[in-house]
file data-v3.cif (mmCIF, C-alpha atoms and all ligand atoms)
data_structure
loop_
_atom_site.label_atom_id
_atom_site.label_comp_id
_atom_site.auth_asym_id
_atom_site.auth_seq_id
_atom_site.Cartn_x
_atom_site.Cartn_y
_atom_site.Cartn_z
CA MET O 1105 96.42 142.58 86.64
CA SER O 1106 93.01 144.07 85.90
CA ALA O 1107 89.99 141.85 85.45
CA SER O 1108 89.67 142.85 81.79
CA ASN O 1109 93.33 141.96 81.18
CA VAL O 1110 92.76 138.56 82.78
CA LEU O 1111 89.83 137.93 80.45
CA GLN O 1112 91.89 139.01 77.44
CA GLN O 1113 94.65 136.58 78.47
CA LEU O 1114 92.07 133.87 79.00
CA ALA O 1115 90.72 134.41 75.50
CA GLY O 1116 94.22 134.05 74.04
CA LEU O 1117 94.93 130.90 76.02
CA LEU O 1118 91.58 129.36 75.02
CA ALA O 1119 92.38 130.10 71.37
CA SER O 1120 95.90 128.64 71.61
CA GLY O 1121 94.93 125.58 73.64
CA GLY O 1122 97.06 126.73 76.56
CA ILE O 1123 93.83 126.37 78.45
CA GLU O 1124 91.90 123.27 77.44
CA VAL O 1125 88.12 122.89 77.78
CA VAL O 1126 87.53 119.36 79.10
CA ASP O 1127 84.04 117.96 78.63
CA CYS O 1128 82.95 116.40 81.93
CA THR O 1129 79.62 115.29 80.43
CA GLY O 1130 78.35 111.88 79.37
CA PRO O 1131 76.12 111.30 76.31
CA LEU O 1132 72.41 112.03 76.93
CA GLY O 1133 70.12 109.63 75.09
CA PRO O 1134 67.99 106.49 75.39
CA ASP O 1135 71.00 104.45 76.54
CA THR O 1136 72.02 106.82 79.36
CA PRO O 1137 71.91 105.00 82.74
CA LEU O 1138 68.99 106.12 84.93
CA LEU O 1139 68.37 105.78 88.66
CA LYS O 1140 66.21 102.82 89.75
CA LEU O 1141 64.47 103.35 93.10
CA PRO O 1142 62.79 100.53 95.04
CA PRO O 1143 59.34 100.34 93.33
CA GLU O 1144 57.44 100.21 96.63
CA LEU O 1145 59.12 103.44 97.73
CA ALA O 1146 58.82 105.71 94.76
CA ARG O 1147 58.19 106.39 91.12
CA ASP O 1148 61.22 106.34 88.82
CA THR O 1149 62.38 108.94 86.37
CA PRO O 1150 61.07 107.82 82.92
CA PRO O 1151 63.18 106.51 80.03
CA ILE O 1152 64.86 109.22 77.95
CA LYS O 1153 63.31 109.66 74.52
CA ILE O 1154 64.47 111.88 71.68
CA HIS O 1155 61.51 112.34 69.33
CA ARG O 1156 62.02 113.52 65.79
CA ILE O 1157 59.88 116.48 64.69
CA SER O 1158 61.35 116.65 61.21
CA GLU O 1159 64.53 115.97 59.29
CA TYR O 1160 64.30 117.70 55.90
CA ASP O 1161 61.09 115.86 55.09
CA GLN O 1162 57.35 116.42 54.77
CA ASP O 1163 57.26 117.49 58.44
CA GLY O 1164 59.84 120.22 57.85
CA PRO O 1165 61.40 120.36 54.41
CA PHE O 1166 64.57 122.35 55.17
CA TRP O 1167 65.15 121.68 58.86
CA ALA O 1168 65.88 118.98 61.42
CA TRP O 1169 64.73 119.19 65.02
CA ASN O 1170 63.73 116.95 67.89
CA TRP O 1171 61.70 117.19 71.04
CA LEU O 1172 62.82 115.64 74.29
CA GLU O 1173 61.14 113.46 76.87
CA LEU O 1174 63.31 113.14 79.96
CA GLY O 1175 63.49 113.69 83.68
CA GLU O 1176 65.37 116.61 85.15
CA HIS O 1177 67.66 114.15 86.94
CA SER O 1178 68.92 112.34 83.83
CA GLY O 1179 72.52 111.74 82.80
CA THR O 1180 75.18 114.26 83.75
CA HIS O 1181 73.02 116.59 85.82
CA PHE O 1182 72.63 119.22 88.50
CA ASP O 1183 70.73 118.85 91.78
CA ALA O 1184 69.25 122.15 92.96
CA PRO O 1185 68.41 122.61 96.67
CA HIS O 1186 64.65 122.32 96.08
CA HIS O 1187 65.25 118.71 94.89
CA TRP O 1188 65.28 117.55 98.52
CA ILE O 1189 62.74 118.23 101.27
CA THR O 1190 65.51 119.68 103.46
CA GLY O 1191 66.15 122.38 100.85
CA LYS O 1192 62.56 123.12 99.89
CA ASP O 1193 62.28 126.66 101.26
CA PHE O 1194 65.23 128.51 99.69
CA PRO O 1195 63.94 131.22 97.32
CA ASP O 1196 67.17 130.78 95.33
CA GLY O 1197 66.98 126.98 95.48
CA TYR O 1198 65.47 126.39 92.03
CA THR O 1199 67.14 126.08 88.64
CA ASP O 1200 65.66 129.42 87.55
CA THR O 1201 66.43 131.34 90.75
CA LEU O 1202 69.88 130.14 91.80
CA ASN O 1203 72.82 132.54 91.55
CA VAL O 1204 74.87 131.58 88.48
CA GLN O 1205 77.91 133.37 89.92
CA ARG O 1206 78.22 130.36 92.23
CA VAL O 1207 78.36 127.63 89.60
CA VAL O 1208 81.61 128.76 87.93
CA ALA O 1209 84.24 127.85 90.50
CA PRO O 1210 87.54 126.05 91.19
CA VAL O 1211 87.19 122.28 91.40
CA ASN O 1212 88.92 119.92 93.82
CA VAL O 1213 89.21 116.47 92.22
CA LEU O 1214 89.57 113.80 94.89
CA ASP O 1215 91.02 110.77 93.12
CA PHE O 1216 89.94 107.63 94.91
CA SER O 1217 89.48 105.67 91.68
CA ALA O 1218 91.80 102.86 92.79
CA GLU O 1219 89.84 102.45 96.04
CA CYS O 1220 86.52 102.47 94.14
CA ASP O 1221 87.85 99.94 91.67
CA ALA O 1222 88.88 97.63 94.52
CA ASN O 1223 85.63 98.20 96.45
CA PRO O 1224 82.49 99.49 94.67
CA ASP O 1225 80.96 100.23 98.09
CA PHE O 1226 83.85 102.59 98.93
CA LEU O 1227 82.84 105.41 101.28
CA LEU O 1228 84.79 108.65 101.35
CA THR O 1229 85.42 109.70 104.96
CA VAL O 1230 86.58 112.88 106.68
CA ASP O 1231 89.99 111.26 107.16
CA HIS O 1232 90.25 110.59 103.41
CA ILE O 1233 89.47 114.26 102.70
CA LYS O 1234 91.94 115.53 105.31
CA ALA O 1235 94.67 113.27 103.87
CA TRP O 1236 93.88 114.59 100.38
CA GLU O 1237 94.08 118.19 101.65
CA ALA O 1238 97.43 117.49 103.36
CA GLU O 1239 98.80 116.39 99.98
CA HIS O 1240 97.10 118.82 97.60
CA GLY O 1241 96.04 121.82 99.67
CA GLU O 1242 92.99 122.95 101.57
CA ILE O 1243 89.48 122.95 100.11
CA LYS O 1244 88.19 126.53 100.18
CA ALA O 1245 84.84 128.27 100.41
CA GLY O 1246 82.94 128.56 97.15
CA GLU O 1247 84.71 125.63 95.49
CA TRP O 1248 83.37 122.46 93.87
CA VAL O 1249 84.47 119.12 95.32
CA VAL O 1250 84.14 116.00 93.16
CA LEU O 1251 84.95 112.36 93.81
CA ARG O 1252 86.95 110.78 91.01
CA SER O 1253 85.83 107.15 90.94
CA ASP O 1254 86.26 106.70 87.16
CA TRP O 1255 82.68 105.34 87.25
CA ASP O 1256 82.15 106.90 83.80
CA LYS O 1257 84.08 103.95 82.35
CA ARG O 1258 80.98 101.87 83.16
CA ALA O 1259 78.47 104.26 81.59
CA ASP O 1260 77.93 102.34 78.35
CA SER O 1261 76.22 99.61 80.42
CA GLU O 1262 73.40 100.61 82.77
CA ALA O 1263 73.85 97.30 84.63
CA ALA O 1264 77.54 97.98 85.26
CA PHE O 1265 76.86 101.64 86.12
CA LEU O 1266 74.10 100.92 88.66
CA ASN O 1267 75.86 97.74 89.84
CA MET O 1268 72.73 96.33 91.56
CA ASP O 1269 72.33 92.96 93.19
CA GLU O 1270 69.73 91.49 95.57
CA ASN O 1271 71.11 93.78 98.31
CA GLY O 1272 70.67 96.92 96.24
CA PRO O 1273 73.07 99.20 94.37
CA HIS O 1274 76.83 99.12 94.93
CA SER O 1275 78.50 102.41 94.09
CA PRO O 1276 80.84 104.74 95.99
CA GLY O 1277 79.96 107.99 97.73
CA PRO O 1278 80.53 110.07 100.84
CA THR O 1279 79.72 109.38 104.47
CA ALA O 1280 77.35 111.83 106.19
CA GLU O 1281 80.31 113.16 108.19
CA ALA O 1282 82.33 113.77 105.02
CA VAL O 1283 79.46 115.74 103.48
CA GLN O 1284 79.10 117.80 106.68
CA TYR O 1285 82.87 118.46 106.71
CA LEU O 1286 82.62 119.92 103.18
CA ILE O 1287 79.54 121.97 104.06
CA ASP O 1288 81.42 123.41 107.05
CA LYS O 1289 84.07 124.52 104.53
CA ASP O 1290 81.25 126.33 102.67
CA ILE O 1291 81.83 124.58 99.35
CA VAL O 1292 79.43 125.42 96.51
CA GLY O 1293 78.64 121.77 95.87
CA TRP O 1294 79.62 118.12 95.68
CA GLY O 1295 79.87 115.99 92.56
CA SER O 1296 79.99 112.29 91.79
CA GLN O 1297 80.59 110.18 88.69
CA CYS O 1298 77.88 107.73 89.81
CA ILE O 1299 74.11 107.89 89.20
CA GLY O 1300 73.58 110.33 92.09
CA THR O 1301 75.55 112.34 94.62
CA ASP O 1302 75.08 109.64 97.27
CA ALA O 1303 76.63 106.19 97.60
CA GLY O 1304 74.58 103.15 96.56
CA SER O 1305 74.29 102.25 100.25
CA ALA O 1306 73.10 105.74 101.26
CA GLY O 1307 69.45 104.77 101.83
CA GLY O 1308 70.55 103.00 105.02
CA MET O 1309 72.68 105.85 106.35
CA THR O 1310 71.78 108.44 109.00
CA PRO O 1311 70.26 110.60 107.68
CA PRO O 1312 69.19 108.61 104.61
CA PHE O 1313 70.85 109.94 101.43
CA PRO O 1314 73.15 112.26 103.43
CA ALA O 1315 74.63 114.03 100.39
CA HIS O 1316 71.14 115.01 99.24
CA ASN O 1317 69.85 115.71 102.75
CA LEU O 1318 72.75 117.78 104.04
CA LEU O 1319 73.88 119.54 100.87
CA HIS O 1320 70.40 120.83 100.08
CA LEU O 1321 69.62 121.65 103.75
CA ASN O 1322 72.54 124.06 103.42
CA ASN O 1323 71.62 125.46 99.99
CA LYS O 1324 74.52 123.59 98.34
CA PHE O 1325 74.41 122.01 94.89
CA GLY O 1326 74.93 118.46 93.67
CA LEU O 1327 76.39 117.08 90.43
CA ALA O 1328 75.92 113.50 89.22
CA SER O 1329 77.21 111.25 86.43
CA LEU O 1330 80.23 113.48 85.80
CA ALA O 1331 82.61 112.17 83.11
CA ASN O 1332 86.31 112.47 82.30
CA LEU O 1333 87.50 113.53 85.75
CA ASP O 1334 90.65 111.51 84.94
CA ARG O 1335 91.55 114.41 82.63
CA LEU O 1336 91.54 116.99 85.44
CA PRO O 1337 94.32 117.90 87.88
CA PRO O 1338 93.63 117.52 91.63
CA LYS O 1339 93.48 121.32 91.94
CA GLY O 1340 93.66 124.27 89.57
CA ALA O 1341 90.85 123.62 87.10
CA ILE O 1342 87.71 125.74 86.95
CA LEU O 1343 84.40 123.91 86.58
CA ILE O 1344 81.36 125.42 84.87
CA ALA O 1345 78.28 123.40 85.80
CA ALA O 1346 75.07 125.31 85.07
CA PRO O 1347 71.55 123.87 84.87
CA LEU O 1348 68.94 124.86 82.31
CA LYS O 1349 66.76 127.70 83.56
CA ILE O 1350 63.76 125.43 84.06
CA VAL O 1351 61.01 127.37 85.82
CA ARG O 1352 60.82 126.09 89.40
CA GLY O 1353 63.09 123.21 88.30
CA THR O 1354 64.71 120.88 90.82
CA GLY O 1355 67.64 120.00 88.61
CA SER O 1356 68.65 119.66 85.00
CA PRO O 1357 70.96 117.90 82.62
CA ILE O 1358 74.10 120.01 82.19
CA ARG O 1359 77.07 120.33 79.90
CA ALA O 1360 79.79 120.28 82.56
CA LEU O 1361 82.94 122.00 81.29
CA ALA O 1362 86.32 122.28 83.01
CA LEU O 1363 89.00 124.80 82.12
CA VAL O 1364 92.40 123.14 82.53
CA ALA O 1365 95.88 124.68 82.15
CA ARG O 1366 98.09 122.74 79.73
CA GLY O 1367 101.88 122.67 79.41
C1 LIG O 1401 65.40 110.93 93.84
C2 LIG O 1401 65.40 110.09 94.92
C3 LIG O 1401 66.58 109.56 95.38
C4 LIG O 1401 67.75 109.89 94.73
C5 LIG O 1401 67.76 110.74 93.62
C6 LIG O 1401 66.58 111.24 93.19
C7 LIG O 1401 69.03 111.10 92.91
O1 LIG O 1401 70.05 110.49 93.07
C8 LIG O 1401 69.09 112.30 92.04
O2 LIG O 1401 69.25 112.20 90.82
O3 LIG O 1401 69.04 113.39 92.57
S1 LIG O 1401 69.24 109.21 95.31
MN MN O 1402 69.72 114.38 90.80
#
call {"tool": "encode", "arguments": {"input": "data-v3.cif", "output": "structure tokens", "more": "lines below"}}
Ligand code: 23J
Ligand code: MN
result
Amino acid sequence: MSASNVLQQLAGLLASGGIEVVDCTGPLGPDTPLLKLPPELARDTPPIKIHRISEYDQDGPFWAWNWLELGEHSGTHFDAPHHWITGKDFPDGYTDTLNVQRVVAPVNVLDFSAECDANPDFLLTVDHIKAWEAEHGEIKAGEWVVLRSDWDKRADSEAAFLNMDENGPHSPGPTAEAVQYLIDKDIVGWGSQCIGTDAGSAGGMTPPFPAHNLLHLNNKFGLASLANLDRLPPKGAILIAAPLKIVRGTGSPIRALALVARG
């Protein structure tokens, strides 16, 4: 079938609902959970503010519009390679220079939600990924890989989402070896439903924050705070996860959309 016929079929299936567009995005506003770094280590991303310019009033009689105050790494968002020091030198490592052909790709949804529910410090290992591949099929070059933890069910409470105690944050993520395994498969990127691409315990790993360190070292992308992965099949969906074209941006909130075959 020719490419233009495929697109025509796609248009028909989108119109009929035979292909569903699943919104893998959480709400972006003042109540969106934000990363909290140890204050002695670093400055945090600021609170999200949505400022009114006008709403059919003396500041704009016929129109409503807002202006935004928010960090690039807020809510459901994209990590570009330049976000991390290991990825600082890629000319195509910024939000305005990356190749958008890469960000529309098949998505592998690794469902370890039961394990994450039982243990919020769950770490995804190479063995977990290999077992998933034995059941669902191999992860291929150019594909997205996301961990389904169902962490989005906690997103209406920042405390539950960050899950911090005196020992730090408790949230699932990959081991360094698991990230390297996926990089060796030449994936386009790795996504999490938690506050960042790394586990809560990742600051103590080798290297620290291995998802950030290794993904961006290899010009791969990250996705964080993904929602509704429980509505995706393990394989077969196509994920569209594109950042705003922020000039020299290191990341951006996204509207993550998955195309899913129904029926
Ligand atoms: C800055 C420093 C550490 C981390 C992060 C940002 C993120 O998770 C992020 O949003 O990229 S862990
Ligand atoms: Mn980020």
call {"tool": "closest_atom_pairs", "arguments": {"input": "data-v3.cif", "of": "chain O", "to": "ligand MN 1402 (chain O)", "cutoff": "12 Å", "atoms": "all atoms listed in the file", "output": "Markdown table"}}
result
| residue | atom | partner | partner_atom | distance |
| --- | --- | --- | --- | --- |
| O:Leu1138 | CA | O:MN1402 | MN | 10.2 |
| O:Leu1139 | CA | O:MN1402 | MN | 9.0 |
| O:Asp1148 | CA | O:MN1402 | MN | 11.9 |
| O:Thr1149 | CA | O:MN1402 | MN | 10.2 |
| O:Gly1175 | CA | O:MN1402 | MN | 9.5 |
| O:Glu1176 | CA | O:MN1402 | MN | 7.5 |
| O:His1177 | CA | O:MN1402 | MN | 4.4 |
| O:Ser1178 | CA | O:MN1402 | MN | 7.3 |
| O:Gly1179 | CA | O:MN1402 | MN | 8.9 |
| O:Thr1180 | CA | O:MN1402 | MN | 8.9 |
| O:His1181 | CA | O:MN1402 | MN | 6.4 |
| O:Phe1182 | CA | O:MN1402 | MN | 6.1 |
| O:Asp1183 | CA | O:MN1402 | MN | 4.7 |
| O:Ala1184 | CA | O:MN1402 | MN | 8.1 |
| O:Pro1185 | CA | O:MN1402 | MN | 10.2 |
| O:His1186 | CA | O:MN1402 | MN | 10.8 |
| O:His1187 | CA | O:MN1402 | MN | 7.4 |
| O:Trp1188 | CA | O:MN1402 | MN | 9.5 |
| O:Trp1294 | CA | O:MN1402 | MN | 11.7 |
| O:Gly1295 | CA | O:MN1402 | MN | 10.4 |
| O:Ser1296 | CA | O:MN1402 | MN | 10.5 |
| O:Gln1297 | CA | O:MN1402 | MN | 11.8 |
| O:Cys1298 | CA | O:MN1402 | MN | 10.6 |
| O:Ile1299 | CA | O:MN1402 | MN | 8.0 |
| O:Gly1300 | CA | O:MN1402 | MN | 5.7 |
| O:Thr1301 | CA | O:MN1402 | MN | 7.3 |
| O:Asp1302 | CA | O:MN1402 | MN | 9.6 |
| O:Phe1313 | CA | O:MN1402 | MN | 11.6 |
| O:Ala1315 | CA | O:MN1402 | MN | 10.8 |
| O:His1316 | CA | O:MN1402 | MN | 8.6 |
| O:His1320 | CA | O:MN1402 | MN | 11.3 |
| O:Phe1325 | CA | O:MN1402 | MN | 9.8 |
| O:Gly1326 | CA | O:MN1402 | MN | 7.2 |
| O:Leu1327 | CA | O:MN1402 | MN | 7.2 |
| O:Ala1328 | CA | O:MN1402 | MN | 6.5 |
| O:Ser1329 | CA | O:MN1402 | MN | 9.2 |
| O:Leu1330 | CA | O:MN1402 | MN | 11.7 |
| O:Pro1347 | CA | O:MN1402 | MN | 11.3 |
| O:Gly1353 | CA | O:MN1402 | MN | 11.3 |
| O:Thr1354 | CA | O:MN1402 | MN | 8.2 |
| O:Gly1355 | CA | O:MN1402 | MN | 6.4 |
| O:Ser1356 | CA | O:MN1402 | MN | 7.9 |
| O:Pro1357 | CA | O:MN1402 | MN | 9.0 |
| O:Ile1358 | CA | O:MN1402 | MN | 11.2 |
call {"tool": "write_last_selection", "arguments": {"input": "data-v3.cif", "atoms": "C-alpha atoms", "output": "PDB file, keeping the file's coordinate frame"}}
result
ATOM      1  CA  LEU O1138      68.990 106.120  84.930  1.00  0.00           C
ATOM      2  CA  LEU O1139      68.370 105.780  88.660  1.00  0.00           C
ATOM      3  CA  ASP O1148      61.220 106.340  88.820  1.00  0.00           C
ATOM      4  CA  THR O1149      62.380 108.940  86.370  1.00  0.00           C
ATOM      5  CA  GLY O1175      63.490 113.690  83.680  1.00  0.00           C
ATOM      6  CA  GLU O1176      65.370 116.610  85.150  1.00  0.00           C
ATOM      7  CA  HIS O1177      67.660 114.150  86.940  1.00  0.00           C
ATOM      8  CA  SER O1178      68.920 112.340  83.830  1.00  0.00           C
ATOM      9  CA  GLY O1179      72.520 111.740  82.800  1.00  0.00           C
ATOM     10  CA  THR O1180      75.180 114.260  83.750  1.00  0.00           C
ATOM     11  CA  HIS O1181      73.020 116.590  85.820  1.00  0.00           C
ATOM     12  CA  PHE O1182      72.630 119.220  88.500  1.00  0.00           C
ATOM     13  CA  ASP O1183      70.730 118.850  91.780  1.00  0.00           C
ATOM     14  CA  ALA O1184      69.250 122.150  92.960  1.00  0.00           C
ATOM     15  CA  PRO O1185      68.410 122.610  96.670  1.00  0.00           C
ATOM     16  CA  HIS O1186      64.650 122.320  96.080  1.00  0.00           C
ATOM     17  CA  HIS O1187      65.250 118.710  94.890  1.00  0.00           C
ATOM     18  CA  TRP O1188      65.280 117.550  98.520  1.00  0.00           C
ATOM     19  CA  TRP O1294      79.620 118.120  95.680  1.00  0.00           C
ATOM     20  CA  GLY O1295      79.870 115.990  92.560  1.00  0.00           C
ATOM     21  CA  SER O1296      79.990 112.290  91.790  1.00  0.00           C
ATOM     22  CA  GLN O1297      80.590 110.180  88.690  1.00  0.00           C
ATOM     23  CA  CYS O1298      77.880 107.730  89.810  1.00  0.00           C
ATOM     24  CA  ILE O1299      74.110 107.890  89.200  1.00  0.00           C
ATOM     25  CA  GLY O1300      73.580 110.330  92.090  1.00  0.00           C
ATOM     26  CA  THR O1301      75.550 112.340  94.620  1.00  0.00           C
ATOM     27  CA  ASP O1302      75.080 109.640  97.270  1.00  0.00           C
ATOM     28  CA  PHE O1313      70.850 109.940 101.430  1.00  0.00           C
ATOM     29  CA  ALA O1315      74.630 114.030 100.390  1.00  0.00           C
ATOM     30  CA  HIS O1316      71.140 115.010  99.240  1.00  0.00           C
ATOM     31  CA  HIS O1320      70.400 120.830 100.080  1.00  0.00           C
ATOM     32  CA  PHE O1325      74.410 122.010  94.890  1.00  0.00           C
ATOM     33  CA  GLY O1326      74.930 118.460  93.670  1.00  0.00           C
ATOM     34  CA  LEU O1327      76.390 117.080  90.430  1.00  0.00           C
ATOM     35  CA  ALA O1328      75.920 113.500  89.220  1.00  0.00           C
ATOM     36  CA  SER O1329      77.210 111.250  86.430  1.00  0.00           C
ATOM     37  CA  LEU O1330      80.230 113.480  85.800  1.00  0.00           C
ATOM     38  CA  PRO O1347      71.550 123.870  84.870  1.00  0.00           C
ATOM     39  CA  GLY O1353      63.090 123.210  88.300  1.00  0.00           C
ATOM     40  CA  THR O1354      64.710 120.880  90.820  1.00  0.00           C
ATOM     41  CA  GLY O1355      67.640 120.000  88.610  1.00  0.00           C
ATOM     42  CA  SER O1356      68.650 119.660  85.000  1.00  0.00           C
ATOM     43  CA  PRO O1357      70.960 117.900  82.620  1.00  0.00           C
ATOM     44  CA  ILE O1358      74.100 120.010  82.190  1.00  0.00           C
TER      45      ILE O1358
END
call {"tool": "closest_residue", "arguments": {"input": "data-v3.cif", "among": "O:Gly1308, O:Ala1115, O:Asp1196, O:Glu1239", "to": "ligand LIG 1401 (chain O)", "atoms": "only C-alpha atoms and all ligand atoms"}}
result
O:Gly1308
call {"tool": "atom_distance", "arguments": {"input": "data-v3.cif", "atom1": "CA of Pro1273 (chain O)", "atom2": "CA of Pro1142 (chain O)"}}
result
10.4 Å
call {"tool": "atom_distance", "arguments": {"input": "data-v3.cif", "atom1": "CA of Cys1128 (chain O)", "atom2": "CA of Arg1366 (chain O)"}}
result
16.6 Å
call {"tool": "residues_around", "arguments": {"input": "data-v3.cif", "residues": "region 1261-1264 of chain O", "least_positions_apart": "4", "cutoff": "9 Å", "atoms": "all atoms listed in the file", "output": "ChimeraX atom specification"}}
result
/O:1135-1138,1268
call {"tool": "closest_residue", "arguments": {"input": "data-v3.cif", "among": "O:Cys1220, O:Ile1154, O:Val1204, O:Ala1245", "to": "Ala1303 (chain O)", "atoms": "only C-alpha atoms"}}
result
O:Cys1220
call {"tool": "atom_distance", "arguments": {"input": "data-v3.cif", "atom1": "CA of Ala1362 (chain O)", "atom2": "CA of Leu1336 (chain O)"}}
result
7.8 Å
call {"tool": "residues_around", "arguments": {"input": "data-v3.cif", "residues": "Ala1331 (chain O)", "least_positions_apart": "5", "cutoff": "9 Å", "atoms": "all atoms listed in the file", "output": "list in words"}}
result
Asp1127, Cys1128, Thr1129, Gly1130, Thr1180, Asp1254, Trp1255, Asp1256, Lys1257, Gln1297 and Ala1360 of chain O
call {"tool": "closest_residue", "arguments": {"input": "data-v3.cif", "among": "O:Pro1143, O:Pro1165, O:Pro1134, O:Gly1246", "to": "ligand LIG 1401 (chain O)", "atoms": "all atoms listed in the file"}}
result
O:Pro1143
call {"tool": "closest_residue", "arguments": {"input": "data-v3.cif", "among": "O:Ala1346, O:Ile1243, O:Ile1287, O:Leu1266", "to": "ligand LIG 1401 (chain O)", "atoms": "all atoms listed in the file"}}
result
O:Leu1266
call {"tool": "residues_around", "arguments": {"input": "data-v3.cif", "residues": "Trp1169 (chain O)", "least_positions_apart": "3", "cutoff": "9 Å", "atoms": "only C-alpha atoms", "output": "list in words"}}
result
His1155, Arg1156, Ile1157, Ser1158, Glu1159 and Gly1164 of chain O
